[in-house]
Amino acid sequence: MTSPPVPTHTAGEAAFMSELRRLKAWSGLSYRELERAAAAAGEVLPYSTAATMLRRDRLPREAVLVAFVVACGLDADDTRRWVTARRELAMGARPPAAPVPERPVRRRRPRLRLAAVGVVTAALCMGGATAIATTTVQEEQTVEGTP
């Protein structure tokens with residue numbers, strides 16, 4: 001048996017997909033047989049997904065690629081090569097990111113100041129309540145005649 005096709009990551013997505021088509025031909029399996037082989041390997045690969053994937057010149061999702069390559073009968077090392085090639089293509093195929101406009105730095109001081117005011121207010125209220133309660137008790141003692 002001949003060796004399986006190897007991924008081509010330097011030639012672009014179309015060449016990569018062409019190699020995936022060659023891999024399917026190399027496996028000799030129909031789409032339904034690929035679905036069953038993937039299931040036997042613990043992967044999910046509906047036959048319609050495999051057929052749609054190979055009709056396009058776009059990179060498949062990584063999970064679909066892994067299921068497909070495993071279903072074709074490749075080992076872990078070959079699968080890793082295909083995934084690495086796909087990742088490299090995906091990284092290189094993206095347009096450069098637009099610069100993110102700078103946003104002003106949000107200051108946290110108003111929150112801290114608000115928290116401090118709240119704590120002071122609560123302390124004053126607690127202290128005032130204690131003073132009111134003390135005054136009321138003193139007034140009661142004076143009214144009852146106890147010094």
# chains A, B, ... in the order shown; residues from 1 in each chain; ligands from 1
>>> residues_around(residues="region 75-85 of chain A", least_positions_apart="6", cutoff="8 Å", atoms="only C-alpha atoms", output="list in words")
Val6, Pro7, Thr8, His9, Glu62, Leu65, Val66 and Val69 of chain A
>>> closest_residue(among="A:Leu54, A:Val70, A:Ala122, A:Leu89", to="Ala25 (chain A)", atoms="only C-alpha atoms")
A:Leu54
>>> atom_distance(atom1="CA of Glu13 (chain A)", atom2="CA of Ala40 (chain A)")
28.7 Å
>>> residues_around(residues="Leu34 (chain A)", least_positions_apart="2", cutoff="9 Å", atoms="only C-alpha atoms", output="PyMOL selection string")
chain A and resi 24+27+29-32+36-39+45-47+50+68+71-72
>>> closest_residue(among="A:Ala51, A:Leu112, A:Ala11, A:Ala63", to="Glu33 (chain A)", atoms="only C-alpha atoms")
A:Ala51
>>> closest_residue(among="A:Arg113, A:Arg58, A:Val120, A:Met126", to="Ala15 (chain A)", atoms="only C-alpha atoms")
A:Arg58
>>> decode(residues="region 30-62 of chain A", atoms="N, CA and C atoms", output="CSV table (one decimal), in the first residue's frame")
chain,number,residue,atom,x,y,z
A,30,SER,N,-16.0,4.9,1.2
A,30,SER,CA,-17.1,5.7,0.8
A,30,SER,C,-17.4,6.7,2.0
A,31,TYR,N,-18.3,7.6,1.7
A,31,TYR,CA,-18.6,8.6,2.8
A,31,TYR,C,-19.3,7.9,4.0
A,32,ARG,N,-20.2,6.9,3.7
A,32,ARG,CA,-20.8,6.1,4.7
A,32,ARG,C,-19.8,5.3,5.5
A,33,GLU,N,-18.9,4.7,4.8
A,33,GLU,CA,-17.8,3.9,5.5
A,33,GLU,C,-16.9,4.8,6.3
A,34,LEU,N,-16.7,6.0,5.9
A,34,LEU,CA,-15.9,7.0,6.7
A,34,LEU,C,-16.7,7.3,8.0
A,35,GLU,N,-18.0,7.5,7.9
A,35,GLU,CA,-18.8,7.7,9.0
A,35,GLU,C,-18.7,6.6,10.0
A,36,ARG,N,-18.8,5.4,9.6
A,36,ARG,CA,-18.7,4.2,10.4
A,36,ARG,C,-17.3,4.1,11.0
A,37,ALA,N,-16.3,4.3,10.2
A,37,ALA,CA,-14.9,4.2,10.7
A,37,ALA,C,-14.6,5.3,11.8
A,38,ALA,N,-15.2,6.5,11.6
A,38,ALA,CA,-15.0,7.5,12.6
A,38,ALA,C,-15.7,7.1,13.9
A,39,ALA,N,-16.9,6.6,13.8
A,39,ALA,CA,-17.7,6.1,15.0
A,39,ALA,C,-16.9,5.0,15.7
A,40,ALA,N,-16.3,4.1,15.0
A,40,ALA,CA,-15.6,3.0,15.6
A,40,ALA,C,-14.3,3.6,16.3
A,41,ALA,N,-13.8,4.7,15.9
A,41,ALA,CA,-12.7,5.3,16.5
A,41,ALA,C,-13.1,6.3,17.6
A,42,GLY,N,-14.4,6.4,17.9
A,42,GLY,CA,-14.9,7.3,18.9
A,42,GLY,C,-15.1,8.8,18.5
A,43,GLU,N,-15.1,9.0,17.2
A,43,GLU,CA,-15.3,10.3,16.6
A,43,GLU,C,-16.7,10.4,16.0
A,44,VAL,N,-17.1,11.6,15.7
A,44,VAL,CA,-18.4,11.9,15.1
A,44,VAL,C,-18.1,12.5,13.7
A,45,LEU,N,-18.5,11.9,12.7
A,45,LEU,CA,-18.3,12.4,11.3
A,45,LEU,C,-19.5,12.0,10.4
A,46,PRO,N,-20.6,12.8,10.4
A,46,PRO,CA,-21.7,12.4,9.6
A,46,PRO,C,-21.2,12.4,8.1
A,47,TYR,N,-21.7,11.5,7.3
A,47,TYR,CA,-21.2,11.3,5.9
A,47,TYR,C,-21.5,12.6,5.1
A,48,SER,N,-22.6,13.3,5.4
A,48,SER,CA,-22.9,14.6,4.7
A,48,SER,C,-21.9,15.7,5.1
A,49,THR,N,-21.4,15.7,6.3
A,49,THR,CA,-20.4,16.7,6.7
A,49,THR,C,-19.1,16.4,5.9
A,50,ALA,N,-18.7,15.2,5.8
A,50,ALA,CA,-17.5,14.8,5.1
A,50,ALA,C,-17.6,15.2,3.6
A,51,ALA,N,-18.8,14.9,3.0
A,51,ALA,CA,-19.0,15.2,1.6
A,51,ALA,C,-19.0,16.7,1.4
A,52,THR,N,-19.6,17.5,2.2
A,52,THR,CA,-19.7,18.9,2.1
A,52,THR,C,-18.3,19.5,2.3
A,53,MET,N,-17.5,19.0,3.3
A,53,MET,CA,-16.2,19.5,3.5
A,53,MET,C,-15.3,19.3,2.3
A,54,LEU,N,-15.4,18.2,1.6
A,54,LEU,CA,-14.5,18.0,0.5
A,54,LEU,C,-14.9,18.7,-0.8
A,55,ARG,N,-16.2,19.2,-0.8
A,55,ARG,CA,-16.6,19.9,-2.0
A,55,ARG,C,-16.1,21.4,-1.9
A,56,ARG,N,-15.7,21.8,-0.8
A,56,ARG,CA,-15.3,23.2,-0.6
A,56,ARG,C,-13.8,23.4,-0.6
A,57,ASP,N,-13.3,24.6,-0.8
A,57,ASP,CA,-11.9,24.9,-0.7
A,57,ASP,C,-11.6,25.7,0.5
A,58,ARG,N,-12.4,25.6,1.6
A,58,ARG,CA,-12.3,26.3,2.8
A,58,ARG,C,-11.8,25.3,3.9
A,59,LEU,N,-11.0,25.7,4.8
A,59,LEU,CA,-10.5,24.8,5.9
A,59,LEU,C,-11.7,24.3,6.7
A,60,PRO,N,-11.7,23.0,7.0
A,60,PRO,CA,-12.8,22.5,7.9
A,60,PRO,C,-12.4,22.9,9.4
A,61,ARG,N,-13.4,22.8,10.2
A,61,ARG,CA,-13.2,22.9,11.6
A,61,ARG,C,-12.2,21.8,12.1
A,62,GLU,N,-11.5,22.1,13.1
A,62,GLU,CA,-10.4,21.2,13.5
A,62,GLU,C,-11.0,19.8,14.0
